[in-house]
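**Q** Structure: coords_25.cif, mmCIF, C-alpha atoms.
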```cif
data_input
#
loop_
_atom_site.label_atom_id
_atom_site.label_comp_id
_atom_site.auth_asym_id
_atom_site.auth_seq_id
_atom_site.Cartn_x
_atom_site.Cartn_y
_atom_site.Cartn_z
CA ASN R 470 239.45 -51.97 79.40
CA GLY R 471 240.80 -49.07 77.40
CA PRO R 472 242.32 -47.76 74.22
CA VAL R 473 245.42 -48.85 72.35
CA SER R 474 247.78 -45.91 71.79
CA ILE R 475 249.70 -45.88 68.51
CA PRO R 476 251.33 -43.08 66.50
CA ASP R 477 248.87 -40.97 64.53
CA ASP R 478 250.80 -41.46 61.30
CA VAL R 479 250.74 -45.27 61.43
CA THR R 480 248.19 -46.93 59.09
CA GLY R 481 248.00 -50.13 57.09
CA SER R 482 247.57 -53.79 57.91
CA ALA R 483 246.00 -55.16 61.08
CA PHE R 484 248.00 -57.44 63.38
CA PRO R 485 246.34 -59.33 66.24
CA LEU R 486 247.22 -58.67 69.90
CA ASP R 487 246.52 -61.78 71.98
CA ASN R 488 245.97 -61.21 75.72
CA PRO R 489 245.26 -64.64 77.25
CA GLY R 490 246.57 -63.74 80.71
CA ASN R 491 243.82 -61.30 81.62
CA PRO R 492 240.22 -62.01 80.52
CA SER R 493 239.16 -58.49 81.52
CA VAL R 494 241.27 -57.07 78.66
CA PRO R 495 239.96 -58.42 75.33
CA ASP R 496 242.11 -59.33 72.38
CA GLY R 497 242.61 -56.48 69.95
CA TYR R 498 244.36 -55.41 66.79
CA LEU R 499 247.27 -53.11 66.16
CA VAL R 500 246.86 -51.16 62.94
CA ALA R 501 250.31 -50.62 61.41
CA SER R 502 252.27 -50.33 58.21
CA VAL R 503 256.03 -50.69 57.83
CA MET R 504 258.03 -50.68 61.07
CA PRO R 505 261.54 -49.28 60.45
CA VAL R 506 264.51 -51.23 61.79
CA GLY R 507 265.28 -50.14 65.37
CA ALA R 508 261.94 -48.35 65.80
CA GLU R 509 259.87 -48.78 68.97
CA TRP R 510 256.11 -48.63 69.40
CA THR R 511 254.35 -48.33 72.76
CA ILE R 512 250.98 -50.03 73.20
CA THR R 513 249.05 -49.08 76.32
CA PHE R 514 246.06 -50.85 77.85
CA GLU R 515 244.03 -49.57 80.80
CA ALA R 516 242.34 -52.24 82.91
CA SER R 517 240.77 -52.75 86.32
CA ILE R 518 241.72 -55.38 88.90
CA ASN R 519 238.55 -56.78 90.45
CA ASP R 520 240.05 -59.46 92.68
CA GLY R 521 240.82 -58.74 96.32
CA VAL R 522 244.41 -58.28 97.44
CA THR R 523 245.94 -61.69 98.15
CA GLY R 524 249.59 -60.69 98.33
CA ASP R 525 250.33 -62.72 95.17
CA ALA R 526 251.58 -61.02 92.03
CA ILE R 527 249.33 -60.98 88.98
CA VAL R 528 251.39 -62.00 85.97
CA ASN R 529 249.92 -61.24 82.56
CA GLU R 530 251.44 -62.39 79.27
CA ALA R 531 251.30 -60.07 76.26
CA LYS R 532 251.99 -61.57 72.81
CA PHE R 533 252.86 -59.76 69.57
CA SER R 534 252.75 -61.60 66.23
CA TRP R 535 254.56 -60.38 63.12
CA PHE R 536 254.24 -62.54 59.98
CA GLY R 537 254.42 -65.75 62.00
CA GLU R 538 257.14 -64.51 64.39
CA GLU R 539 255.94 -64.15 67.97
CA THR R 540 257.34 -62.17 70.87
CA THR R 541 256.00 -62.54 74.40
CA ARG R 542 256.62 -60.56 77.57
CA ASP R 543 255.46 -61.31 81.11
CA ILE R 544 254.10 -58.24 82.87
CA THR R 545 253.86 -58.23 86.67
CA ILE R 546 251.12 -56.07 88.17
CA GLN R 547 252.17 -54.50 91.47
CA LEU R 548 249.58 -54.73 94.23
CA THR R 549 249.76 -52.72 97.44
CA GLY R 550 247.98 -53.37 100.72
CA MET R 551 248.47 -52.97 104.46
CA THR R 552 246.58 -53.88 107.63
CA LEU R 553 246.69 -52.37 111.10
CA GLN R 554 245.83 -54.37 114.23
CA LYS R 555 245.40 -52.16 117.30
CA THR R 556 244.89 -53.93 120.62
CA VAL R 557 245.19 -53.15 124.35
CA TYR R 558 245.88 -55.05 127.59
CA SER R 559 246.08 -54.35 131.32
CA GLY R 560 249.49 -53.70 132.82
CA GLN R 561 252.81 -52.45 131.52
CA ASP R 562 255.68 -54.82 130.63
CA GLY R 563 257.50 -53.15 127.77
CA GLY R 564 255.16 -54.58 125.14
CA ILE R 565 256.07 -58.20 125.90
CA SER R 566 252.38 -59.19 126.10
CA CYS R 567 251.49 -57.71 122.69
CA PRO R 568 249.14 -58.30 121.02
CA GLY R 569 246.35 -57.65 123.50
CA GLY R 570 242.59 -57.71 123.01
CA GLU R 571 240.05 -55.44 121.37
CA GLN R 572 238.88 -54.09 124.74
CA VAL R 573 240.08 -53.73 128.33
CA ALA R 574 238.45 -52.37 131.49
CA GLY R 575 239.89 -50.92 134.67
CA THR R 576 239.47 -48.17 137.21
CA ALA R 577 240.66 -44.72 136.19
CA GLY R 578 244.45 -44.52 136.39
CA THR R 579 245.01 -48.27 135.90
CA GLU R 580 248.12 -48.96 133.80
CA ILE R 581 247.47 -50.30 130.29
CA THR R 582 249.47 -50.93 127.12
CA TYR R 583 248.40 -50.32 123.52
CA CYS R 584 249.80 -52.52 120.71
CA PHE R 585 250.02 -51.58 117.03
CA ARG R 586 250.84 -54.27 114.44
CA VAL R 587 251.28 -53.24 110.78
CA THR R 588 251.37 -55.99 108.12
CA ASN R 589 252.24 -55.66 104.44
CA VAL R 590 249.66 -57.67 102.45
CA GLY R 591 250.77 -56.49 99.00
CA ASN R 592 253.58 -57.69 96.72
CA THR R 593 255.80 -54.59 96.96
CA ASP R 594 257.97 -53.54 99.88
CA VAL R 595 256.55 -50.86 102.21
CA ASP R 596 258.62 -48.25 104.03
CA HIS R 597 258.21 -44.95 105.90
CA ILE R 598 255.48 -46.32 108.17
CA ALA R 599 253.59 -43.65 110.13
CA ILE R 600 250.97 -44.21 112.84
CA ASP R 601 248.71 -41.46 114.13
CA ASP R 602 246.31 -41.75 117.09
CA PRO R 603 244.81 -38.29 117.65
CA GLN R 604 242.58 -39.26 120.60
CA LEU R 605 245.62 -40.58 122.46
CA ASN R 606 247.60 -37.61 121.12
CA VAL R 607 250.45 -39.87 119.97
CA ASP R 608 252.18 -40.60 116.67
CA ILE R 609 254.93 -42.91 115.44
CA ASN R 610 257.55 -40.92 117.37
CA ASP R 611 255.86 -41.84 120.67
CA LEU R 612 255.78 -45.59 119.94
CA THR R 613 258.44 -48.19 120.70
CA VAL R 614 259.22 -51.13 118.40
CA VAL R 615 258.46 -54.58 119.83
CA SER R 616 259.50 -56.61 116.80
CA GLY R 617 260.12 -56.25 113.08
CA THR R 618 262.19 -53.94 110.88
CA LEU R 619 261.59 -51.63 107.93
CA PRO R 620 261.10 -51.83 105.05
CA LEU R 621 258.39 -54.50 105.22
CA GLY R 622 258.57 -57.18 102.56
CA PRO R 623 255.41 -59.00 101.43
CA ASP R 624 253.66 -60.70 104.39
CA GLU R 625 256.06 -59.11 106.90
CA SER R 626 254.94 -57.19 110.01
CA ILE R 627 256.26 -54.65 112.47
CA SER R 628 254.82 -54.17 115.98
CA TYR R 629 254.91 -51.18 118.33
CA TYR R 630 253.64 -50.49 121.86
CA TYR R 631 252.61 -47.46 123.89
CA GLU R 632 252.03 -47.38 127.67
CA SER R 633 249.17 -45.34 129.10
CA THR R 634 246.45 -45.43 131.79
CA VAL R 635 242.68 -45.86 131.84
CA PRO R 636 241.12 -42.38 131.46
CA GLN R 637 238.02 -41.25 133.35
CA GLY R 638 234.97 -42.24 131.34
CA GLY R 639 236.96 -44.65 129.16
CA ILE R 640 237.79 -44.14 125.48
CA ASP R 641 237.25 -45.71 122.06
CA ASN R 642 240.10 -44.51 119.91
CA THR R 643 241.05 -45.20 116.30
CA ALA R 644 244.59 -45.23 114.93
CA THR R 645 245.60 -44.77 111.30
CA ALA R 646 248.72 -46.26 109.73
CA THR R 647 250.22 -45.14 106.42
CA GLY R 648 253.06 -46.55 104.36
CA ASN R 649 254.93 -45.88 101.14
CA PRO R 650 255.36 -48.64 98.50
CA VAL R 651 259.05 -48.92 97.53
CA ASP R 652 261.15 -51.10 95.24
CA ASP R 653 263.85 -53.54 96.37
CA GLN R 654 266.31 -50.64 96.53
CA GLY R 655 264.09 -48.69 98.91
CA ASP R 656 263.12 -46.10 96.30
CA ASP R 657 259.59 -44.80 95.84
CA ILE R 658 257.62 -46.60 93.11
CA PRO R 659 256.20 -44.01 90.69
CA GLY R 660 252.47 -44.24 90.14
CA LEU R 661 251.70 -46.05 93.41
CA ASP R 662 249.98 -44.00 96.11
CA ASN R 663 250.68 -44.33 99.82
CA ILE R 664 248.52 -46.96 101.50
CA THR R 665 246.52 -46.63 104.73
CA ALA R 666 244.79 -48.83 107.31
CA THR R 667 242.79 -48.12 110.47
CA ASP R 668 241.73 -50.01 113.59
CA THR R 669 240.08 -49.23 116.95
CA ALA R 670 240.66 -50.40 120.52
CA SER R 671 238.33 -49.71 123.45
CA VAL R 672 239.14 -48.89 127.07
CA ALA R 673 236.26 -48.87 129.60
CA GLU R 674 236.36 -47.35 133.05
CA ALA R 675 235.29 -49.91 135.64
CA VAL R 676 233.46 -48.83 138.79
CA PRO R 677 235.27 -49.93 142.01
CA ALA R 678 233.49 -52.69 143.95
CA GLY R 679 231.07 -51.38 146.57
CA ILE R 680 230.56 -47.95 145.01
CA SER R 681 227.81 -48.95 142.54
CA GLY R 682 228.37 -45.83 140.54
CA LYS R 683 227.01 -43.43 143.22
CA VAL R 684 228.72 -40.39 144.66
CA LEU R 685 229.21 -40.81 148.42
CA ASP R 686 229.33 -38.20 151.17
CA ASP R 687 231.98 -38.79 153.87
CA ARG R 688 229.54 -37.60 156.55
CA ASP R 689 231.47 -38.79 159.59
CA GLY R 690 234.66 -37.06 158.45
CA SER R 691 236.63 -40.19 159.27
CA SER R 692 239.19 -39.56 156.54
CA ALA R 693 238.96 -36.99 153.79
CA GLY R 694 237.39 -38.76 150.85
CA ALA R 695 237.57 -42.21 152.47
CA ILE R 696 234.59 -44.56 152.22
CA ASP R 697 233.45 -46.50 155.26
CA GLY R 698 230.27 -48.03 156.67
CA THR R 699 228.85 -44.74 157.96
CA ASP R 700 229.02 -42.98 154.57
CA SER R 701 225.93 -42.81 152.37
CA PRO R 702 224.94 -41.65 148.89
CA ILE R 703 224.35 -37.93 148.44
CA PRO R 704 220.65 -37.32 147.77
CA GLY R 705 219.79 -36.67 144.14
#
```
In structure tokens, what does this structure look like?
**A**
Amino acid sequence: NGPVSIPDDVTGSAFPLDNPGNPSVPDGYLVASVMPVGAEWTITFEASINDGVTGDAIVNEAKFSWFGEETTRDITIQLTGMTLQKTVYSGQDGGISCPGGEQVAGTAGTEITYCFRVTNVGNTDVDHIAIDDPQLNVDINDLTVVSGTLPLGPDESISYYYESTVPQGGIDNTATATGNPVDDQGDDIPGLDNITATDTASVAEAVPAGISGKVLDDRDGSSAGAIDGTDSPIPG
């Protein structure tokens, strides 16, 4: 809810402003006198949108009455929103198996693939997608497109992949995606901030079978670093 802005020098009769399309903005009155032919007045309302983003446009009808003559105008409220789904799977196949799961496990050095899926859940187009994953030390320039094109229309997605390996100790890493709302010509929409989304995927280091997490001493010297039946855990 907010004020109605009118010229300071306008006084006189009160004319109702009906706002049936948005209950959060109450009906009001425009205080005015004589409106010269060809003149324009700007009436501004400030309101909050309390509903969650559904991807559907909110259309609000504003009505102006002047001595029995009515003029109406539909006003579309632009909503922006984006989601990021980051997943991971074992193996490397050029991203064909994307999306993966929330977590994967393997011995250190095992090949894995990360998947990044960005979806536009607003009602504007979204362009200039950027993805940053500081723990992996990668950004959008290191990723390869699996499917989708930019800009993203409402409900459209674009998917990327990145091939890596299981690190020692495993890793839980979070990626952040950002995008710029644009119009149907691909131009920036004034007044709409860039949108962001984050998601995390986990990679666990699995202990090879038979080691049980203990450091072994190759006491018989059978093969440098090799494990056989005569080896045993180092004390302590």
**Q** Take atom CA of Gln654 of chain R and atom CA of Gln547 of chain R and report the distance between them in Å, one decimal.
**A**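 That distance, rounded to one decimal, is 15.5 Å.
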**Q** Leaving out Thr643 of chain R and any residue of its chain fewer than 2 positions from it, which residues lie within 10 Å of it when counting only C-alpha atoms, given as a list in words?
**A**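 In the requested format, the answer is Lys555, Asp601, Asp602, Pro603, Gln604, Leu605, Ile640, Asp641, Thr645, Thr667, Asp668, Thr669, Ala670 and Ser671 of chain R.
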**Q** Please list as a list in words every residue within 7 Å of Asp652 of chain R, counting only C-alpha atoms and excluding residues in the same chain fewer than 6 positions away.
**A**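 Selected residues are Thr593, Asp594 and Ile658 of chain R.
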**Q** State, in Å with one decimal place, the distance from atom CA of Ser628 of chain R to atom CA of Thr576 of chain R.
**A**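 Pair atom CA of Ser628 of chain R / atom CA of Thr576 of chain R returns 26.9 Å.
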**Q** If the PyMOL selection byres ((chain R and resi 556-572) around 6) were run on this exact file, what residues would it hold? Put them as a list in words.
**A**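 Answer for the PyMOL selection byres ((chain R and resi 556-572) around 6): Lys555, Val573, Glu580, Ile581, Thr582, Tyr583, Cys584, Tyr630, Ala670, Ser671 and Val672 of chain R.
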**Q** Just the number, please: distance in Å from atom CA of Leu553 of chain R to atom CA of Gly622 of chain R, one decimal.
**A**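 Atom-to-atom, atom CA of Leu553 of chain R to atom CA of Gly622 of chain R, that is 15.4 Å.
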**Q** Determine the nearest neighbour of Ala673 of chain R from the options R:Val607, R:Ala644, R:Val635, R:Leu548, counting all atoms listed in the file.
**A**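 Using all atoms listed in the file, the shortest distance to Ala673 of chain R belongs to R:Val635.
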**Q** For segment 571-583 of chain R, take all atoms listed in the file, fit an axis-aligned box around them, add 8 Å to each of the six sides, then output centre and edge lengths in Å rounded to one decimal, as lines of an AutoDock Vina configuration file.
**A**
```
center_x = 244.0
center_y = -50.0
center_z = 129.3
size_x = 27.0
size_y = 26.9
size_z = 31.8
```
**Q** Taking the file as I've supplied it (selection: the PyMOL selection byres ((chain R and resi 647) around 12)), which residues are included? Please answer as a PyMOL selection string.
**A** chain R and resi 549-553+587-589+595-602+608-609+644-646+648-650+662-667
